[in-house]
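The data block below is final.pdb; it holds PDB, C-alpha atoms, pLDDT in the B column.
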```pdb
ATOM      1  CA  SER A 288     -57.725-119.734-167.037  1.00 66.00           C
ATOM      2  CA  ASP A 289     -54.701-119.983-169.331  1.00 74.00           C
ATOM      3  CA  VAL A 290     -52.954-117.239-167.378  1.00 76.00           C
ATOM      4  CA  TYR A 291     -53.592-119.128-164.142  1.00 80.00           C
ATOM      5  CA  LYS A 292     -52.206-122.358-165.620  1.00 83.00           C
ATOM      6  CA  ARG A 293     -49.093-120.597-166.864  1.00 85.00           C
ATOM      7  CA  GLN A 294     -48.550-119.037-163.433  1.00 85.00           C
ATOM      8  CA  VAL A 295     -48.918-122.399-161.676  1.00 87.00           C
ATOM      9  CA  LYS A 296     -46.505-123.992-164.152  1.00 90.00           C
ATOM     10  CA  ALA A 297     -44.009-121.179-163.618  1.00 90.00           C
ATOM     11  CA  LEU A 298     -44.190-121.597-159.834  1.00 91.00           C
ATOM     12  CA  PHE A 299     -43.732-125.344-160.198  1.00 92.00           C
ATOM     13  CA  LEU A 300     -40.652-124.857-162.384  1.00 92.00           C
ATOM     14  CA  LEU A 301     -39.386-122.258-159.900  1.00 92.00           C
ATOM     15  CA  MET A 302     -39.253-125.054-157.287  1.00 93.00           C
ATOM     16  CA  ARG A 303     -36.851-127.047-159.524  1.00 92.00           C
ATOM     17  CA  PRO A 304     -38.465-130.409-158.674  1.00 91.00           C
ATOM     18  CA  PHE A 305     -35.859-132.273-160.758  1.00 91.00           C
ATOM     19  CA  GLN A 306     -33.350-131.365-158.024  1.00 90.00           C
ATOM     20  CA  TRP A 307     -35.357-133.217-155.369  1.00 93.00           C
ATOM     21  CA  VAL A 308     -33.582-136.443-156.297  1.00 92.00           C
ATOM     22  CA  LYS A 309     -30.603-135.179-154.270  1.00 91.00           C
ATOM     23  CA  ASN A 310     -32.669-135.614-151.105  1.00 94.00           C
ATOM     24  CA  ILE A 311     -32.761-139.398-151.572  1.00 94.00           C
ATOM     25  CA  ILE A 312     -29.567-139.323-149.509  1.00 93.00           C
ATOM     26  CA  LEU A 313     -31.874-138.907-146.491  1.00 94.00           C
ATOM     27  CA  PHE A 314     -32.757-142.593-146.807  1.00 94.00           C
ATOM     28  CA  LEU A 315     -29.137-143.827-146.909  1.00 91.00           C
ATOM     29  CA  PRO A 316     -28.659-144.173-143.118  1.00 90.00           C
ATOM     30  CA  MET A 317     -31.690-146.486-142.929  1.00 90.00           C
ATOM     31  CA  PHE A 318     -30.526-148.420-145.985  1.00 88.00           C
ATOM     32  CA  PHE A 319     -27.008-149.044-144.705  1.00 83.00           C
ATOM     33  CA  ALA A 320     -28.313-149.826-141.220  1.00 81.00           C
ATOM     34  CA  GLN A 321     -30.654-152.406-142.827  1.00 82.00           C
ATOM     35  CA  GLU A 322     -33.669-150.740-141.179  1.00 83.00           C
ATOM     36  CA  ILE A 323     -35.458-149.765-144.392  1.00 83.00           C
ATOM     37  CA  GLY A 324     -38.273-152.187-143.528  1.00 82.00           C
ATOM     38  CA  ASP A 325     -39.098-150.438-140.249  1.00 82.00           C
ATOM     39  CA  THR A 326     -42.351-148.623-141.125  1.00 85.00           C
ATOM     40  CA  ASP A 327     -42.202-146.121-138.241  1.00 84.00           C
ATOM     41  CA  ARG A 328     -38.694-145.012-139.108  1.00 86.00           C
ATOM     42  CA  LEU A 329     -39.505-145.043-142.808  1.00 90.00           C
ATOM     43  CA  TRP A 330     -42.511-142.785-142.144  1.00 89.00           C
ATOM     44  CA  ASN A 331     -40.299-140.276-140.339  1.00 90.00           C
ATOM     45  CA  VAL A 332     -37.713-140.208-143.109  1.00 92.00           C
ATOM     46  CA  ALA A 333     -40.397-139.997-145.813  1.00 93.00           C
ATOM     47  CA  ILE A 334     -41.881-136.917-144.112  1.00 93.00           C
ATOM     48  CA  LEU A 335     -38.369-135.507-143.718  1.00 93.00           C
ATOM     49  CA  PHE A 336     -37.826-136.073-147.445  1.00 95.00           C
ATOM     50  CA  ALA A 337     -40.969-134.080-148.270  1.00 94.00           C
ATOM     51  CA  GLY A 338     -39.945-131.282-145.905  1.00 93.00           C
ATOM     52  CA  PHE A 339     -36.409-131.104-147.287  1.00 94.00           C
ATOM     53  CA  CYS A 340     -37.704-131.001-150.856  1.00 95.00           C
ATOM     54  CA  LEU A 341     -39.607-127.849-149.923  1.00 95.00           C
ATOM     55  CA  LEU A 342     -36.555-126.448-148.119  1.00 94.00           C
ATOM     56  CA  THR A 343     -34.290-127.003-151.110  1.00 94.00           C
ATOM     57  CA  SER A 344     -36.874-125.433-153.414  1.00 95.00           C
ATOM     58  CA  GLY A 345     -36.890-122.369-151.150  1.00 94.00           C
ATOM     59  CA  VAL A 346     -33.103-122.197-151.386  1.00 93.00           C
ATOM     60  CA  TYR A 347     -33.251-122.280-155.186  1.00 94.00           C
ATOM     61  CA  ILE A 348     -35.890-119.539-155.219  1.00 95.00           C
ATOM     62  CA  PHE A 349     -33.699-117.306-153.054  1.00 94.00           C
ATOM     63  CA  ASN A 350     -30.769-117.995-155.378  1.00 92.00           C
ATOM     64  CA  ASP A 351     -32.859-117.064-158.425  1.00 92.00           C
ATOM     65  CA  LEU A 352     -33.997-113.866-156.727  1.00 93.00           C
ATOM     66  CA  MET A 353     -30.407-112.823-156.023  1.00 90.00           C
ATOM     67  CA  ASP A 354     -29.097-113.777-159.470  1.00 87.00           C
ATOM     68  CA  ALA A 355     -32.038-112.645-161.631  1.00 87.00           C
ATOM     69  CA  GLY A 356     -30.091-109.803-163.225  1.00 83.00           C
ATOM     70  CA  GLU A 357     -27.156-112.004-164.210  1.00 80.00           C
ATOM     71  CA  ASP A 358     -29.419-114.862-165.288  1.00 81.00           C
ATOM     72  CA  ARG A 359     -31.082-112.583-167.860  1.00 83.00           C
ATOM     73  CA  LEU A 360     -27.709-112.284-169.616  1.00 76.00           C
ATOM     74  CA  HIS A 361     -27.197-116.062-169.705  1.00 74.00           C
ATOM     75  CA  PRO A 362     -28.369-117.964-172.824  1.00 74.00           C
ATOM     76  CA  VAL A 363     -30.004-120.733-170.761  1.00 78.00           C
ATOM     77  CA  LYS A 364     -30.691-119.269-167.321  1.00 81.00           C
ATOM     78  CA  ARG A 365     -32.600-116.349-168.823  1.00 85.00           C
ATOM     79  CA  PHE A 366     -35.555-118.706-169.270  1.00 87.00           C
ATOM     80  CA  ARG A 367     -35.896-119.296-165.516  1.00 90.00           C
ATOM     81  CA  PRO A 368     -39.244-118.053-164.160  1.00 91.00           C
ATOM     82  CA  ILE A 369     -37.905-115.008-162.283  1.00 91.00           C
ATOM     83  CA  ALA A 370     -35.295-114.046-164.880  1.00 89.00           C
ATOM     84  CA  SER A 371     -37.897-114.286-167.658  1.00 89.00           C
ATOM     85  CA  ARG A 372     -40.357-112.277-165.502  1.00 89.00           C
ATOM     86  CA  LYS A 373     -42.945-115.044-165.549  1.00 91.00           C
ATOM     87  CA  VAL A 374     -42.891-114.801-161.740  1.00 90.00           C
ATOM     88  CA  SER A 375     -42.491-111.435-160.029  1.00 90.00           C
ATOM     89  CA  PRO A 376     -39.899-111.052-157.232  1.00 92.00           C
ATOM     90  CA  MET A 377     -42.656-110.343-154.694  1.00 93.00           C
ATOM     91  CA  ALA A 378     -44.641-113.432-155.698  1.00 92.00           C
ATOM     92  CA  ALA A 379     -41.453-115.515-155.518  1.00 93.00           C
ATOM     93  CA  LEU A 380     -40.661-114.168-152.043  1.00 94.00           C
ATOM     94  CA  VAL A 381     -44.162-114.960-150.763  1.00 94.00           C
ATOM     95  CA  PHE A 382     -43.936-118.424-152.312  1.00 94.00           C
ATOM     96  CA  LEU A 383     -40.545-118.949-150.650  1.00 94.00           C
ATOM     97  CA  PHE A 384     -41.921-118.276-147.156  1.00 94.00           C
ATOM     98  CA  LEU A 385     -44.931-120.464-147.938  1.00 95.00           C
ATOM     99  CA  LEU A 386     -42.589-123.337-148.802  1.00 95.00           C
ATOM    100  CA  TYR A 387     -40.595-122.865-145.602  1.00 94.00           C
ATOM    101  CA  GLY A 388     -43.790-122.770-143.535  1.00 93.00           C
ATOM    102  CA  THR A 389     -45.122-125.935-145.181  1.00 94.00           C
ATOM    103  CA  SER A 390     -41.772-127.620-144.623  1.00 93.00           C
ATOM    104  CA  ALA A 391     -41.944-126.820-140.898  1.00 90.00           C
ATOM    105  CA  LEU A 392     -45.479-128.223-140.843  1.00 90.00           C
ATOM    106  CA  CYS A 393     -44.204-131.448-142.403  1.00 89.00           C
ATOM    107  CA  PHE A 394     -41.561-131.821-139.713  1.00 87.00           C
ATOM    108  CA  SER A 395     -44.221-131.450-137.004  1.00 84.00           C
ATOM    109  CA  PHE A 396     -45.899-134.650-138.249  1.00 83.00           C
ATOM    110  CA  MET A 397     -42.802-136.766-137.626  1.00 81.00           C
ATOM    111  CA  HIS A 398     -43.090-139.437-134.940  1.00 72.00           C
ATOM    112  CA  THR A 399     -39.989-138.273-133.134  1.00 68.00           C
ATOM    113  CA  SER A 400     -39.139-135.617-130.583  1.00 61.00           C
ATOM    114  CA  ASN A 401     -35.606-135.269-131.881  1.00 67.00           C
ATOM    115  CA  ASN A 402     -34.801-131.533-131.884  1.00 81.00           C
ATOM    116  CA  GLN A 403     -31.786-132.256-134.047  1.00 85.00           C
ATOM    117  CA  ILE A 404     -34.064-132.208-137.101  1.00 88.00           C
ATOM    118  CA  TRP A 405     -34.950-128.568-136.512  1.00 89.00           C
ATOM    119  CA  LEU A 406     -31.321-127.612-135.912  1.00 91.00           C
ATOM    120  CA  LEU A 407     -30.118-129.394-139.026  1.00 92.00           C
ATOM    121  CA  SER A 408     -32.848-128.015-141.275  1.00 92.00           C
ATOM    122  CA  GLY A 409     -32.270-124.502-139.948  1.00 92.00           C
ATOM    123  CA  GLY A 410     -28.532-124.892-140.390  1.00 93.00           C
ATOM    124  CA  TYR A 411     -29.061-126.132-143.943  1.00 94.00           C
ATOM    125  CA  VAL A 412     -31.090-123.046-144.844  1.00 93.00           C
ATOM    126  CA  LEU A 413     -28.613-120.620-143.228  1.00 94.00           C
ATOM    127  CA  LEU A 414     -25.643-122.340-144.885  1.00 94.00           C
ATOM    128  CA  ASN A 415     -27.245-122.052-148.307  1.00 93.00           C
ATOM    129  CA  LEU A 416     -28.246-118.442-147.764  1.00 92.00           C
ATOM    130  CA  ALA A 417     -24.610-117.645-146.935  1.00 92.00           C
ATOM    131  CA  TYR A 418     -23.548-119.646-149.993  1.00 91.00           C
ATOM    132  CA  THR A 419     -25.861-117.677-152.285  1.00 89.00           C
ATOM    133  CA  LEU A 420     -24.919-114.289-150.845  1.00 89.00           C
ATOM    134  CA  TYR A 421     -21.147-114.696-150.717  1.00 87.00           C
ATOM    135  CA  LEU A 422     -19.501-118.100-150.267  1.00 86.00           C
ATOM    136  CA  LYS A 423     -20.177-119.377-153.791  1.00 85.00           C
ATOM    137  CA  GLN A 424     -17.741-116.745-155.081  1.00 85.00           C
ATOM    138  CA  ILE A 425     -14.786-118.340-153.247  1.00 85.00           C
ATOM    139  CA  GLN A 426     -12.926-121.169-154.959  1.00 85.00           C
ATOM    140  CA  ILE A 427     -12.661-124.468-153.036  1.00 87.00           C
ATOM    141  CA  ILE A 428     -14.967-123.123-150.311  1.00 90.00           C
ATOM    142  CA  ASP A 429     -17.898-123.203-152.746  1.00 89.00           C
ATOM    143  CA  ALA A 430     -17.429-126.935-153.379  1.00 91.00           C
ATOM    144  CA  MET A 431     -16.983-127.663-149.684  1.00 92.00           C
ATOM    145  CA  ILE A 432     -20.265-125.878-148.883  1.00 93.00           C
ATOM    146  CA  VAL A 433     -22.050-128.081-151.413  1.00 92.00           C
ATOM    147  CA  ALA A 434     -20.536-131.176-149.778  1.00 93.00           C
ATOM    148  CA  CYS A 435     -21.562-129.933-146.324  1.00 94.00           C
ATOM    149  CA  GLY A 436     -25.131-129.660-147.594  1.00 94.00           C
ATOM    150  CA  PHE A 437     -25.120-133.389-148.344  1.00 94.00           C
ATOM    151  CA  ILE A 438     -23.659-134.174-144.928  1.00 95.00           C
ATOM    152  CA  ILE A 439     -26.452-132.202-143.273  1.00 95.00           C
ATOM    153  CA  ARG A 440     -28.969-134.263-145.251  1.00 95.00           C
ATOM    154  CA  LEU A 441     -27.223-137.463-144.162  1.00 94.00           C
ATOM    155  CA  GLU A 442     -27.240-136.423-140.521  1.00 93.00           C
ATOM    156  CA  ALA A 443     -30.901-135.407-140.746  1.00 93.00           C
ATOM    157  CA  GLY A 444     -31.828-138.784-142.231  1.00 92.00           C
ATOM    158  CA  ALA A 445     -30.012-140.536-139.403  1.00 92.00           C
ATOM    159  CA  ALA A 446     -31.725-138.355-136.791  1.00 90.00           C
ATOM    160  CA  ALA A 447     -35.168-138.999-138.279  1.00 89.00           C
ATOM    161  CA  GLY A 448     -34.540-142.742-138.389  1.00 87.00           C
ATOM    162  CA  GLU A 449     -32.862-142.686-134.960  1.00 87.00           C
ATOM    163  CA  ILE A 450     -29.797-144.383-136.416  1.00 88.00           C
ATOM    164  CA  GLU A 451     -26.182-143.927-135.385  1.00 86.00           C
ATOM    165  CA  LEU A 452     -24.072-142.939-138.363  1.00 85.00           C
ATOM    166  CA  SER A 453     -20.758-144.574-139.116  1.00 82.00           C
ATOM    167  CA  HIS A 454     -17.976-142.009-139.346  1.00 85.00           C
ATOM    168  CA  TRP A 455     -16.760-143.854-142.448  1.00 84.00           C
ATOM    169  CA  LEU A 456     -20.111-143.254-144.146  1.00 85.00           C
ATOM    170  CA  ILE A 457     -19.892-139.554-143.285  1.00 90.00           C
ATOM    171  CA  ILE A 458     -16.363-139.282-144.681  1.00 89.00           C
ATOM    172  CA  MET A 459     -17.262-141.236-147.823  1.00 88.00           C
ATOM    173  CA  THR A 460     -20.326-139.071-148.459  1.00 90.00           C
ATOM    174  CA  PHE A 461     -18.337-135.868-147.961  1.00 93.00           C
ATOM    175  CA  ILE A 462     -15.548-136.931-150.329  1.00 92.00           C
ATOM    176  CA  LEU A 463     -17.998-138.186-152.964  1.00 92.00           C
ATOM    177  CA  SER A 464     -19.948-134.914-152.761  1.00 93.00           C
ATOM    178  CA  LEU A 465     -16.719-132.963-153.153  1.00 93.00           C
ATOM    179  CA  PHE A 466     -15.860-135.061-156.204  1.00 94.00           C
ATOM    180  CA  LEU A 467     -19.227-134.332-157.830  1.00 92.00           C
ATOM    181  CA  ALA A 468     -18.974-130.613-157.008  1.00 92.00           C
ATOM    182  CA  PHE A 469     -15.509-130.293-158.553  1.00 93.00           C
ATOM    183  CA  ALA A 470     -16.587-132.387-161.547  1.00 91.00           C
ATOM    184  CA  LYS A 471     -19.436-129.911-162.123  1.00 88.00           C
ATOM    185  CA  ARG A 472     -16.981-127.019-161.959  1.00 89.00           C
ATOM    186  CA  ARG A 473     -14.728-128.787-164.453  1.00 89.00           C
ATOM    187  CA  ASP A 474     -17.673-129.114-166.851  1.00 86.00           C
ATOM    188  CA  ASP A 475     -18.526-125.432-166.339  1.00 83.00           C
ATOM    189  CA  LEU A 476     -14.926-124.438-167.006  1.00 86.00           C
ATOM    190  CA  ARG A 477     -14.714-126.549-170.157  1.00 86.00           C
ATOM    191  CA  ASN A 478     -17.981-125.026-171.363  1.00 80.00           C
ATOM    192  CA  PHE A 479     -16.550-121.555-170.687  1.00 79.00           C
ATOM    193  CA  MET A 480     -13.403-122.374-172.660  1.00 80.00           C
ATOM    194  CA  GLU A 481     -15.466-123.649-175.610  1.00 78.00           C
ATOM    195  CA  THR A 482     -18.284-121.100-175.706  1.00 75.00           C
ATOM    196  CA  GLY A 483     -17.122-118.142-173.611  1.00 71.00           C
ATOM    197  CA  GLN A 484     -20.263-118.412-171.461  1.00 70.00           C
ATOM    198  CA  ILE A 485     -19.662-118.072-167.712  1.00 70.00           C
ATOM    199  CA  SER A 486     -22.132-120.193-165.744  1.00 66.00           C
ATOM    200  CA  ARG A 487     -20.685-119.146-162.353  1.00 69.00           C
ATOM    201  CA  LYS A 488     -18.542-116.134-161.430  1.00 70.00           C
ATOM    202  CA  ASN A 489     -15.632-117.929-159.787  1.00 73.00           C
ATOM    203  CA  ILE A 490     -15.077-120.486-162.545  1.00 77.00           C
ATOM    204  CA  THR A 491     -12.167-118.527-164.017  1.00 74.00           C
ATOM    205  CA  GLY A 492     -10.269-119.086-160.750  1.00 78.00           C
ATOM    206  CA  TYR A 493      -9.902-122.759-161.642  1.00 85.00           C
ATOM    207  CA  THR A 494      -7.856-124.484-164.327  1.00 86.00           C
ATOM    208  CA  ILE A 495      -8.533-127.798-166.059  1.00 89.00           C
ATOM    209  CA  ASP A 496      -5.213-129.285-164.910  1.00 90.00           C
ATOM    210  CA  TYR A 497      -5.868-128.240-161.317  1.00 90.00           C
ATOM    211  CA  LEU A 498      -9.338-129.768-161.312  1.00 91.00           C
ATOM    212  CA  ASN A 499      -8.054-132.959-162.942  1.00 92.00           C
ATOM    213  CA  VAL A 500      -5.537-133.386-160.111  1.00 93.00           C
ATOM    214  CA  ILE A 501      -8.233-132.798-157.473  1.00 92.00           C
ATOM    215  CA  LEU A 502     -10.621-135.266-159.127  1.00 93.00           C
ATOM    216  CA  SER A 503      -7.939-137.955-159.414  1.00 92.00           C
ATOM    217  CA  PHE A 504      -6.988-137.457-155.768  1.00 92.00           C
ATOM    218  CA  LEU A 505     -10.582-137.573-154.554  1.00 92.00           C
ATOM    219  CA  SER A 506     -11.448-140.648-156.625  1.00 90.00           C
ATOM    220  CA  SER A 507      -8.602-142.547-154.945  1.00 89.00           C
ATOM    221  CA  ILE A 508      -9.769-141.463-151.486  1.00 90.00           C
ATOM    222  CA  ILE A 509     -13.344-142.533-152.296  1.00 87.00           C
ATOM    223  CA  ALA A 510     -12.180-146.038-153.217  1.00 86.00           C
ATOM    224  CA  VAL A 511     -10.059-146.400-150.068  1.00 87.00           C
ATOM    225  CA  THR A 512     -12.796-145.001-147.826  1.00 85.00           C
ATOM    226  CA  TYR A 513     -15.405-147.371-149.264  1.00 83.00           C
ATOM    227  CA  ILE A 514     -13.114-150.351-148.674  1.00 84.00           C
ATOM    228  CA  LEU A 515     -12.521-149.281-145.076  1.00 82.00           C
ATOM    229  CA  TYR A 516     -16.260-148.761-144.563  1.00 78.00           C
ATOM    230  CA  THR A 517     -17.002-152.245-145.939  1.00 80.00           C
ATOM    231  CA  LEU A 518     -14.357-153.825-143.713  1.00 80.00           C
ATOM    232  CA  CYS A 519     -15.794-151.941-140.735  1.00 76.00           C
ATOM    233  CA  LEU A 520     -19.242-153.365-141.486  1.00 70.00           C
ATOM    234  CA  LEU A 521     -17.848-156.892-141.788  1.00 74.00           C
ATOM    235  CA  TYR A 522     -15.929-156.555-138.528  1.00 70.00           C
ATOM    236  CA  THR A 523     -19.002-155.221-136.725  1.00 65.00           C
ATOM    237  CA  SER A 524     -21.146-158.031-138.125  1.00 56.00           C
ATOM    238  CA  ASP A 525     -18.634-160.701-137.099  1.00 54.00           C
ATOM    239  CA  ALA A 526     -18.365-159.235-133.621  1.00 48.00           C
ATOM    240  CA  ALA A 527     -22.138-159.262-133.249  1.00 45.00           C
ATOM    241  CA  ASP A 528     -22.289-162.906-134.350  1.00 50.00           C
ATOM    242  CA  GLU A 529     -19.710-163.890-131.757  1.00 49.00           C
ATOM    243  CA  LEU A 530     -21.774-162.255-129.040  1.00 48.00           C
TER     244      LEU A 530
END
```

Using structure tokens, write down the structure that the file contains.
Amino acid sequence: SDVYKRQVKALFLLMRPFQWVKNIILFLPMFFAQEIGDTDRLWNVAILFAGFCLLTSGVYIFNDLMDAGEDRLHPVKRFRPIASRKVSPMAALVFLFLLYGTSALCFSFMHTSNNQIWLLSGGYVLLNLAYTLYLKQIQIIDAMIVACGFIIRLEAGAAAGEIELSHWLIIMTFILSLFLAFAKRRDDLRNFMETGQISRKNITGYTIDYLNVILSFLSSIIAVTYILYTLCLLYTSDAADEL
């Protein structure tokens, strides 16, 4: 019984449920379109949220499978379920496909015939597989892939809620995601400089000064983009009132 409980706990931790908060971005199109009270659309996006949580967990499992050897040498990552051998690679692989299958089942319950959901979810998985296998080793590209993952979520949320996205919202989300990705790399680099521990292979390709310049540049663009998005909303609202 205790062995079973430990296995279930290990599988749950393998899913990294604390990362599911990132999928809240799926609700943003409805929120900004002021359609959050529409129960049918909210049902679709809620199901999409559940499906994407399973998809993202599958992505993390694949990443842990590929990086298990390196994770065992890391002072923190060595405690992850696969790296610590609490979950075998075969069990993790079976669990991964189970998550993907359950995710597809979730999408089938959505009250929409929009095929864009399937394309976006499939594209999200393929993009992250490519990221894990190779793209995360390339400076700049690695951060852009992370940002693209958030854009895919945003587009999927809009498709599920049958809402037309503002191009300003897309740009703002992309720039903000880039900012957060580079900020994370700056923290990783500072940790490497202080402790000598490398949390990601390509971190030595960056410098603190370089990342500071990028972050300052992106923060300015975020502010300008948000102002333009707000003005666009006001203009659209005024035009609708005149009609």

- Selection near segment 419-427 of chain A, 6 Å with all atoms listed in the file, sequence-local residues under 2 positions removed, as a list in words: Asn350, Leu416, Ala417, Asp429, Ala430 and Asn489 of chain A

- Query: A:Ala470, A:Ile334, A:Ala510, A:Leu520: which is nearest Cys393 of chain A, counting all atoms listed in the file?
  - Reply: A:Ile334

- the PyMOL selection byres ((chain A and resi 471) around 12) resolved against shown file, as a list in words: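 Taken on the displayed file, the PyMOL selection byres ((chain A and resi 471) around 12) yields the residues Asp429, Ala430, Val433, Ser464, Leu465, Phe466, Leu467, Ala468, Phe469, Ala470, Arg472, Arg473, Asp474, Asp475, Leu476, Arg477, Asn478, Ser486, Arg487, Ile490, Tyr493, Ile495, Leu498, Asn499 and Leu502 of chain A.
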
Could those residues be written to a file, using C-alpha atoms, as an mmCIF file, in the frame of the given file?
```
data_model
loop_
_atom_site.group_PDB
_atom_site.id
_atom_site.type_symbol
_atom_site.label_atom_id
_atom_site.label_comp_id
_atom_site.auth_asym_id
_atom_site.auth_seq_id
_atom_site.Cartn_x
_atom_site.Cartn_y
_atom_site.Cartn_z
ATOM 1 C CA ASP A 429 -17.898 -123.203 -152.746
ATOM 2 C CA ALA A 430 -17.429 -126.935 -153.379
ATOM 3 C CA VAL A 433 -22.050 -128.081 -151.413
ATOM 4 C CA SER A 464 -19.948 -134.914 -152.761
ATOM 5 C CA LEU A 465 -16.719 -132.963 -153.153
ATOM 6 C CA PHE A 466 -15.860 -135.061 -156.204
ATOM 7 C CA LEU A 467 -19.227 -134.332 -157.830
ATOM 8 C CA ALA A 468 -18.974 -130.613 -157.008
ATOM 9 C CA PHE A 469 -15.509 -130.293 -158.553
ATOM 10 C CA ALA A 470 -16.587 -132.387 -161.547
ATOM 11 C CA ARG A 472 -16.981 -127.019 -161.959
ATOM 12 C CA ARG A 473 -14.728 -128.787 -164.453
ATOM 13 C CA ASP A 474 -17.673 -129.114 -166.851
ATOM 14 C CA ASP A 475 -18.526 -125.432 -166.339
ATOM 15 C CA LEU A 476 -14.926 -124.438 -167.006
ATOM 16 C CA ARG A 477 -14.714 -126.549 -170.157
ATOM 17 C CA ASN A 478 -17.981 -125.026 -171.363
ATOM 18 C CA SER A 486 -22.132 -120.193 -165.744
ATOM 19 C CA ARG A 487 -20.685 -119.146 -162.353
ATOM 20 C CA ILE A 490 -15.077 -120.486 -162.545
ATOM 21 C CA TYR A 493 -9.902 -122.759 -161.642
ATOM 22 C CA ILE A 495 -8.533 -127.798 -166.059
ATOM 23 C CA LEU A 498 -9.338 -129.768 -161.312
ATOM 24 C CA ASN A 499 -8.054 -132.959 -162.942
ATOM 25 C CA LEU A 502 -10.621 -135.266 -159.127
#
```

- Message: Let me make sure I understand: among A:Pro376, A:Leu342, A:Gln306, A:Met397, which one has the smallest atom-to-atom distance to Gly448 of chain A if we use all atoms listed in the file?
- Response: A:Met397

- Go through A:Leu386, A:Ala447, A:Ile457, A:Cys435 and flag the residue nearest Arg328 of chain A, using all atoms listed in the file for the distances.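 Once distances to Arg328 of chain A are computed over all atoms listed in the file, the minimum belongs to A:Ala447.
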
- Message: the PyMOL selection byres ((chain A and resi 344) around 12) - which residues does that actually catch in the file I just gave you? List them as a PyMOL selection string.
- Response: chain A and resi 298-310+337-343+345-351+379-380+382-387+389-390+412+415

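Here atom CA of Tyr411 of chain A is placed at a distance of 6.6 Å from atom CA of Ile439 of chain A.
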
- Task: Go through A:Ala320, A:Leu315, A:Ala297, A:Leu521 one by one, measure the shortest atom-to-atom distance of each to Arg440 of chain A using all atoms listed in the file, and give the residue with the smallest value.
- Result: A:Leu315

- Distance criterion (all atoms listed in the file): nearest to Leu515 of chain A out of A:Met431, A:Val381, A:Met459, A:Leu313: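 Looking at the shortest contact to Leu515 of chain A, the residue is A:Met459.
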
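Atom CA of Ala391 of chain A lies 10.0 Å from atom CA of Gly409 of chain A.
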
- A:Ala355, A:Ile462, A:Leu392, A:Met317: which is nearest Ser506 of chain A, counting all atoms listed in the file? A:Ile462

- Message: As an exercise, work out the distance from atom CA of Ser371 of chain A to atom CA of Arg359 of chain A in Å and give it to one decimal place.
- Response: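 So the two atoms, atom CA of Ser371 of chain A and atom CA of Arg359 of chain A, lie 7.0 Å apart.
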